[in-house]
Amino acid sequence: TADCLCSDGNYRRGKIIVTWTGPYCDSGSVRTITFDNYYVNYNKIQGTKTVTNNGTNVSGHPVYSVSVNGSIVWDSSYFGGGGTSTYTSSRTREWISGYNTLNWLDDVYLISGTASGTTRLGNAYTMSTSEALKKEIGFRHFTDGVLNFTPAGKYTRVIDYGYVNGGRDNLAQVTINGFSFNIQLR
């Protein structure tokens, strides 16, 4: 119930509750994640994340459905006026490498799907993948794929994570209304 300073410099309190119907690698198993008075840096995290193992695809890769319906209630003492942000997503996670080893750092996923939400100031947005995002668990950033991010009433931001060579780097290319520029990811 009291805030704990964690090794990453963030304060946390409350519970993250995970229930499952079977081992993660078993076809048909379901993981459900919920929160009980869970806070990060005084901001309340709410919602549900469900991960379902759909078995293997024609390539023999495990495939998971992931759905999220959540929100953050921002503490007004720290975030000028507070507010609530929302996030809903439906995506597919294909485990393309490392599923047959015990070393989780060699795991690689392809992630595709859609999401939408609102910022704490009430600004709506949508997201979708036009090319699956490649996530190498042992590396911080996506290494390939294209994400389309559209703030309400504004041009779509097309973010290409593999525009250089699809390798491990902190670079992406953003295109807005036909204009492209390169960015460094943090």
# chains A, B, ... in the order shown; residues from 1 in each chain; ligands from 1
>>> residues_around(residues="region 81-94 of chain A", least_positions_apart="5", cutoff="10 Å", atoms="only C-alpha atoms", output="number ranges by chain")
A: 43-54, 56-57, 61-76, 108-129, 132-135
>>> residues_around(residues="Phe139 (chain A)", least_positions_apart="5", cutoff="10 Å", atoms="only C-alpha atoms", output="list in words")
Leu105, Asp106, Val108, Arg168, Asp169 and Asn170 of chain A
>>> write_last_selection(atoms="N, CA, C and O atoms", output="PDB file, in the first residue's frame")
ATOM      1  N   LEU A 105      16.310 -13.904 -24.342  1.00  0.00           N
ATOM      2  CA  LEU A 105      16.917 -12.781 -25.053  1.00  0.00           C
ATOM      3  C   LEU A 105      17.046 -13.017 -26.560  1.00  0.00           C
ATOM      4  O   LEU A 105      17.280 -12.079 -27.310  1.00  0.00           O
ATOM      5  N   ASP A 106      16.873 -14.264 -27.017  1.00  0.00           N
ATOM      6  CA  ASP A 106      16.927 -14.520 -28.453  1.00  0.00           C
ATOM      7  C   ASP A 106      15.528 -14.572 -29.084  1.00  0.00           C
ATOM      8  O   ASP A 106      15.389 -14.865 -30.271  1.00  0.00           O
ATOM      9  N   VAL A 108      12.202 -13.353 -30.889  1.00  0.00           N
ATOM     10  CA  VAL A 108      11.864 -12.316 -31.854  1.00  0.00           C
ATOM     11  C   VAL A 108      10.388 -12.485 -32.222  1.00  0.00           C
ATOM     12  O   VAL A 108       9.923 -13.594 -32.495  1.00  0.00           O
ATOM     13  N   ARG A 168      19.538  -3.586 -36.106  1.00  0.00           N
ATOM     14  CA  ARG A 168      19.497  -3.067 -34.740  1.00  0.00           C
ATOM     15  C   ARG A 168      20.089  -1.660 -34.699  1.00  0.00           C
ATOM     16  O   ARG A 168      21.307  -1.492 -34.673  1.00  0.00           O
ATOM     17  N   ASP A 169      19.229  -0.669 -34.689  1.00  0.00           N
ATOM     18  CA  ASP A 169      19.666   0.712 -34.552  1.00  0.00           C
ATOM     19  C   ASP A 169      18.562   1.502 -33.862  1.00  0.00           C
ATOM     20  O   ASP A 169      17.498   0.970 -33.581  1.00  0.00           O
ATOM     21  N   ASN A 170      18.836   2.747 -33.598  1.00  0.00           N
ATOM     22  CA  ASN A 170      17.846   3.602 -32.935  1.00  0.00           C
ATOM     23  C   ASN A 170      17.277   4.625 -33.910  1.00  0.00           C
ATOM     24  O   ASN A 170      16.930   5.732 -33.525  1.00  0.00           O
TER      25      ASN A 170
END
>>> atom_distance(atom1="CA of Ile159 (chain A)", atom2="CA of Gly145 (chain A)")
8.3 Å
>>> residues_around(residues="Tyr11 (chain A)", least_positions_apart="6", cutoff="10 Å", atoms="only C-alpha atoms", output="list in words")
Ala2, Asp3, Cys4, Leu5, Tyr39, Val40, Asn41, Tyr42 and Asn43 of chain A
>>> select_by_dssp(residues="chain A", states="strand (DSSP E or B)", output="mmCIF file with C-alpha atoms, in the first residue's frame")
data_model
loop_
_atom_site.group_PDB
_atom_site.id
_atom_site.type_symbol
_atom_site.label_atom_id
_atom_site.label_comp_id
_atom_site.auth_asym_id
_atom_site.auth_seq_id
_atom_site.Cartn_x
_atom_site.Cartn_y
_atom_site.Cartn_z
ATOM 1 C CA CYS A 4 8.238 1.702 -3.205
ATOM 2 C CA LEU A 5 11.170 3.208 -5.087
ATOM 3 C CA TYR A 11 7.642 4.602 -7.505
ATOM 4 C CA ARG A 12 5.087 1.778 -7.462
ATOM 5 C CA ARG A 13 2.354 0.463 -5.165
ATOM 6 C CA GLY A 14 -0.578 -1.947 -5.500
ATOM 7 C CA LYS A 15 -0.931 -5.274 -7.252
ATOM 8 C CA ILE A 16 -0.573 -6.638 -10.763
ATOM 9 C CA ILE A 17 -2.689 -9.793 -10.924
ATOM 10 C CA VAL A 18 -1.935 -12.444 -13.555
ATOM 11 C CA THR A 19 -4.145 -15.496 -14.044
ATOM 12 C CA TRP A 20 -3.554 -18.260 -16.571
ATOM 13 C CA VAL A 30 -4.928 -17.670 -21.827
ATOM 14 C CA ARG A 31 -3.120 -15.083 -19.670
ATOM 15 C CA THR A 32 -5.202 -12.307 -18.131
ATOM 16 C CA ILE A 33 -3.539 -9.336 -16.464
ATOM 17 C CA THR A 34 -5.488 -6.931 -14.223
ATOM 18 C CA PHE A 35 -4.611 -4.327 -11.599
ATOM 19 C CA ASP A 36 -5.668 -3.784 -7.989
ATOM 20 C CA ASN A 37 -5.000 -0.223 -6.779
ATOM 21 C CA TYR A 38 -1.816 -0.214 -8.860
ATOM 22 C CA TYR A 39 0.073 3.078 -9.213
ATOM 23 C CA VAL A 40 3.250 4.121 -11.001
ATOM 24 C CA ASN A 43 -0.689 7.596 -11.535
ATOM 25 C CA LYS A 44 -3.364 4.888 -11.311
ATOM 26 C CA ILE A 45 -3.128 2.112 -13.916
ATOM 27 C CA GLN A 46 -6.420 0.324 -14.707
ATOM 28 C CA GLY A 47 -7.673 -2.199 -17.221
ATOM 29 C CA THR A 48 -7.231 -5.684 -18.591
ATOM 30 C CA LYS A 49 -4.752 -7.323 -20.949
ATOM 31 C CA THR A 50 -5.551 -10.774 -22.354
ATOM 32 C CA VAL A 51 -3.014 -12.920 -24.223
ATOM 33 C CA THR A 52 -4.341 -16.064 -25.941
ATOM 34 C CA ASN A 53 -2.147 -18.754 -27.525
ATOM 35 C CA ASN A 54 -3.752 -19.573 -30.888
ATOM 36 C CA GLY A 55 -1.378 -22.440 -31.689
ATOM 37 C CA THR A 56 1.027 -22.438 -34.630
ATOM 38 C CA PRO A 62 3.395 -19.805 -32.246
ATOM 39 C CA VAL A 63 0.779 -17.059 -32.687
ATOM 40 C CA TYR A 64 -0.904 -15.095 -29.912
ATOM 41 C CA SER A 65 -3.894 -12.739 -29.838
ATOM 42 C CA VAL A 66 -3.412 -9.781 -27.519
ATOM 43 C CA SER A 67 -6.222 -7.463 -26.456
ATOM 44 C CA VAL A 68 -5.850 -4.476 -24.150
ATOM 45 C CA ASN A 69 -8.464 -2.178 -22.640
ATOM 46 C CA GLY A 70 -6.865 0.182 -20.174
ATOM 47 C CA SER A 71 -6.499 3.656 -18.774
ATOM 48 C CA ILE A 72 -4.229 5.832 -16.672
ATOM 49 C CA VAL A 73 -5.643 8.327 -14.194
ATOM 50 C CA THR A 84 -7.369 10.274 -17.841
ATOM 51 C CA SER A 85 -5.779 8.655 -20.875
ATOM 52 C CA THR A 86 -7.292 5.560 -22.487
ATOM 53 C CA TYR A 87 -5.875 2.808 -24.680
ATOM 54 C CA THR A 88 -7.550 -0.068 -26.518
ATOM 55 C CA SER A 89 -5.795 -2.466 -28.865
ATOM 56 C CA SER A 90 -6.231 -5.712 -30.722
ATOM 57 C CA ARG A 91 -3.084 -7.251 -32.120
ATOM 58 C CA THR A 92 -1.383 -10.452 -33.194
ATOM 59 C CA ARG A 93 2.012 -11.536 -31.902
ATOM 60 C CA GLU A 94 3.874 -14.113 -34.036
ATOM 61 C CA TRP A 95 6.865 -15.664 -32.254
ATOM 62 C CA ILE A 96 9.276 -16.105 -35.186
ATOM 63 C CA SER A 97 12.511 -16.982 -33.407
ATOM 64 C CA VAL A 108 11.864 -12.316 -31.854
ATOM 65 C CA TYR A 109 8.221 -11.364 -32.500
ATOM 66 C CA LEU A 110 6.252 -9.846 -35.363
ATOM 67 C CA ILE A 111 3.442 -7.641 -34.049
ATOM 68 C CA SER A 112 0.514 -6.402 -36.132
ATOM 69 C CA GLY A 113 -2.863 -4.891 -35.383
ATOM 70 C CA THR A 114 -4.710 -1.744 -34.406
ATOM 71 C CA ALA A 115 -5.075 0.544 -31.404
ATOM 72 C CA SER A 116 -6.893 3.696 -30.387
ATOM 73 C CA GLY A 117 -7.152 5.936 -27.396
ATOM 74 C CA THR A 118 -7.145 9.393 -25.903
ATOM 75 C CA ALA A 124 -7.984 11.065 -29.670
ATOM 76 C CA TYR A 125 -5.672 8.968 -31.853
ATOM 77 C CA THR A 126 -5.594 5.729 -33.835
ATOM 78 C CA MET A 127 -2.739 3.410 -34.781
ATOM 79 C CA SER A 128 -2.328 0.504 -37.185
ATOM 80 C CA THR A 129 0.501 -1.513 -38.664
ATOM 81 C CA SER A 130 0.915 -1.594 -42.435
ATOM 82 C CA GLU A 131 3.950 -3.888 -42.056
ATOM 83 C CA ALA A 132 4.366 -6.019 -38.931
ATOM 84 C CA LEU A 133 6.659 -4.521 -36.306
ATOM 85 C CA LYS A 134 9.692 -6.687 -35.584
ATOM 86 C CA LYS A 135 10.610 -6.807 -31.882
ATOM 87 C CA GLU A 136 13.842 -8.492 -30.839
ATOM 88 C CA PHE A 142 11.656 -2.152 -33.086
ATOM 89 C CA THR A 143 14.070 -3.212 -35.835
ATOM 90 C CA ASP A 144 11.623 -3.324 -38.753
ATOM 91 C CA GLY A 145 8.022 -2.651 -39.707
ATOM 92 C CA VAL A 146 5.730 0.308 -40.365
ATOM 93 C CA LEU A 147 3.329 1.933 -37.886
ATOM 94 C CA ASN A 148 0.662 4.460 -38.886
ATOM 95 C CA PHE A 149 -0.187 6.920 -36.099
ATOM 96 C CA THR A 150 -3.068 9.349 -36.668
ATOM 97 C CA PRO A 151 -3.902 12.062 -34.127
ATOM 98 C CA ARG A 157 2.460 9.874 -39.187
ATOM 99 C CA VAL A 158 3.943 6.883 -41.009
ATOM 100 C CA ILE A 159 6.825 5.539 -38.913
ATOM 101 C CA ASP A 160 9.194 3.165 -40.735
ATOM 102 C CA LEU A 171 16.720 5.145 -36.216
ATOM 103 C CA ALA A 172 13.324 5.500 -37.865
ATOM 104 C CA GLN A 173 11.880 7.528 -40.712
ATOM 105 C CA VAL A 174 8.688 9.521 -40.202
ATOM 106 C CA THR A 175 6.572 10.656 -43.145
ATOM 107 C CA ILE A 176 3.809 13.250 -42.688
ATOM 108 C CA PHE A 179 7.426 14.972 -46.161
ATOM 109 C CA SER A 180 9.939 12.550 -44.650
ATOM 110 C CA PHE A 181 12.559 13.048 -41.987
ATOM 111 C CA ASN A 182 14.791 10.765 -39.962
ATOM 112 C CA ILE A 183 14.610 10.527 -36.178
ATOM 113 C CA GLN A 184 16.630 8.931 -33.400
#
>>> decode(residues="region 46-58 of chain A", atoms="all heavy atoms", output="mmCIF file, in the first residue's frame")
data_model
loop_
_atom_site.group_PDB
_atom_site.id
_atom_site.type_symbol
_atom_site.label_atom_id
_atom_site.label_comp_id
_atom_site.auth_asym_id
_atom_site.auth_seq_id
_atom_site.Cartn_x
_atom_site.Cartn_y
_atom_site.Cartn_z
ATOM 1 N N GLN A 46 -5.214 1.152 -14.767
ATOM 2 C CA GLN A 46 -6.420 0.324 -14.707
ATOM 3 C C GLN A 46 -6.585 -0.427 -16.026
ATOM 4 O O GLN A 46 -6.071 -0.006 -17.051
ATOM 5 C CB GLN A 46 -7.660 1.207 -14.499
ATOM 6 C CG GLN A 46 -7.584 2.090 -13.277
ATOM 7 C CD GLN A 46 -8.766 3.035 -13.167
ATOM 8 O OE1 GLN A 46 -9.496 2.957 -12.201
ATOM 9 N NE2 GLN A 46 -8.956 3.916 -14.136
ATOM 10 N N GLY A 47 -7.335 -1.516 -15.984
ATOM 11 C CA GLY A 47 -7.673 -2.199 -17.221
ATOM 12 C C GLY A 47 -7.342 -3.677 -17.209
ATOM 13 O O GLY A 47 -6.994 -4.251 -16.170
ATOM 14 N N THR A 48 -7.446 -4.256 -18.400
ATOM 15 C CA THR A 48 -7.231 -5.684 -18.591
ATOM 16 C C THR A 48 -6.440 -5.928 -19.868
ATOM 17 O O THR A 48 -6.691 -5.301 -20.896
ATOM 18 C CB THR A 48 -8.587 -6.426 -18.700
ATOM 19 O OG1 THR A 48 -9.345 -6.176 -17.525
ATOM 20 C CG2 THR A 48 -8.397 -7.910 -18.877
ATOM 21 N N LYS A 49 -5.479 -6.848 -19.774
ATOM 22 C CA LYS A 49 -4.752 -7.323 -20.949
ATOM 23 C C LYS A 49 -4.936 -8.828 -21.008
ATOM 24 O O LYS A 49 -4.734 -9.516 -20.004
ATOM 25 C CB LYS A 49 -3.270 -6.981 -20.842
ATOM 26 C CG LYS A 49 -2.429 -7.494 -22.005
ATOM 27 C CD LYS A 49 -0.983 -7.068 -21.848
ATOM 28 C CE LYS A 49 -0.133 -7.529 -23.011
ATOM 29 N NZ LYS A 49 1.265 -7.054 -22.880
ATOM 30 N N THR A 50 -5.338 -9.340 -22.171
ATOM 31 C CA THR A 50 -5.551 -10.774 -22.354
ATOM 32 C C THR A 50 -4.673 -11.264 -23.497
ATOM 33 O O THR A 50 -4.674 -10.690 -24.586
ATOM 34 C CB THR A 50 -7.036 -11.072 -22.668
ATOM 35 O OG1 THR A 50 -7.844 -10.525 -21.636
ATOM 36 C CG2 THR A 50 -7.282 -12.558 -22.782
ATOM 37 N N VAL A 51 -3.904 -12.320 -23.228
ATOM 38 C CA VAL A 51 -3.014 -12.920 -24.223
ATOM 39 C C VAL A 51 -3.455 -14.373 -24.407
ATOM 40 O O VAL A 51 -3.444 -15.161 -23.460
ATOM 41 C CB VAL A 51 -1.542 -12.863 -23.766
ATOM 42 C CG1 VAL A 51 -0.643 -13.504 -24.816
ATOM 43 C CG2 VAL A 51 -1.124 -11.433 -23.458
ATOM 44 N N THR A 52 -3.845 -14.729 -25.638
ATOM 45 C CA THR A 52 -4.341 -16.064 -25.941
ATOM 46 C C THR A 52 -3.423 -16.756 -26.939
ATOM 47 O O THR A 52 -3.110 -16.198 -27.997
ATOM 48 C CB THR A 52 -5.771 -15.997 -26.537
ATOM 49 O OG1 THR A 52 -6.618 -15.283 -25.632
ATOM 50 C CG2 THR A 52 -6.327 -17.380 -26.805
ATOM 51 N N ASN A 53 -2.971 -17.964 -26.619
ATOM 52 C CA ASN A 53 -2.147 -18.754 -27.525
ATOM 53 C C ASN A 53 -3.067 -19.422 -28.540
ATOM 54 O O ASN A 53 -3.901 -20.254 -28.195
ATOM 55 C CB ASN A 53 -1.359 -19.812 -26.739
ATOM 56 C CG ASN A 53 -0.438 -20.625 -27.632
ATOM 57 O OD1 ASN A 53 -0.741 -20.903 -28.784
ATOM 58 N ND2 ASN A 53 0.696 -21.031 -27.069
ATOM 59 N N ASN A 54 -2.909 -19.044 -29.811
ATOM 60 C CA ASN A 54 -3.752 -19.573 -30.888
ATOM 61 C C ASN A 54 -3.135 -20.778 -31.590
ATOM 62 O O ASN A 54 -3.619 -21.198 -32.636
ATOM 63 C CB ASN A 54 -4.031 -18.480 -31.921
ATOM 64 C CG ASN A 54 -4.794 -17.322 -31.330
ATOM 65 O OD1 ASN A 54 -5.707 -17.511 -30.531
ATOM 66 N ND2 ASN A 54 -4.423 -16.114 -31.693
ATOM 67 N N GLY A 55 -2.052 -21.322 -31.041
ATOM 68 C CA GLY A 55 -1.378 -22.440 -31.689
ATOM 69 C C GLY A 55 -0.362 -21.945 -32.697
ATOM 70 O O GLY A 55 0.078 -20.796 -32.650
ATOM 71 N N THR A 56 0.019 -22.801 -33.638
ATOM 72 C CA THR A 56 1.027 -22.438 -34.630
ATOM 73 C C THR A 56 0.384 -22.115 -35.967
ATOM 74 O O THR A 56 -0.692 -22.618 -36.303
ATOM 75 C CB THR A 56 2.055 -23.570 -34.811
ATOM 76 O OG1 THR A 56 1.362 -24.768 -35.166
ATOM 77 C CG2 THR A 56 2.850 -23.803 -33.542
ATOM 78 N N ASN A 57 1.086 -21.265 -36.736
ATOM 79 C CA ASN A 57 0.617 -20.934 -38.074
ATOM 80 C C ASN A 57 1.245 -21.890 -39.091
ATOM 81 O O ASN A 57 1.927 -22.844 -38.712
ATOM 82 C CB ASN A 57 0.910 -19.461 -38.404
ATOM 83 C CG ASN A 57 2.394 -19.124 -38.382
ATOM 84 O OD1 ASN A 57 3.260 -19.995 -38.361
ATOM 85 N ND2 ASN A 57 2.695 -17.826 -38.380
ATOM 86 N N VAL A 58 1.049 -21.625 -40.388
ATOM 87 C CA VAL A 58 1.564 -22.522 -41.431
ATOM 88 C C VAL A 58 3.086 -22.570 -41.456
ATOM 89 O O VAL A 58 3.670 -23.525 -41.955
ATOM 90 C CB VAL A 58 1.022 -22.132 -42.831
ATOM 91 C CG1 VAL A 58 -0.483 -22.343 -42.908
ATOM 92 C CG2 VAL A 58 1.385 -20.711 -43.193
#
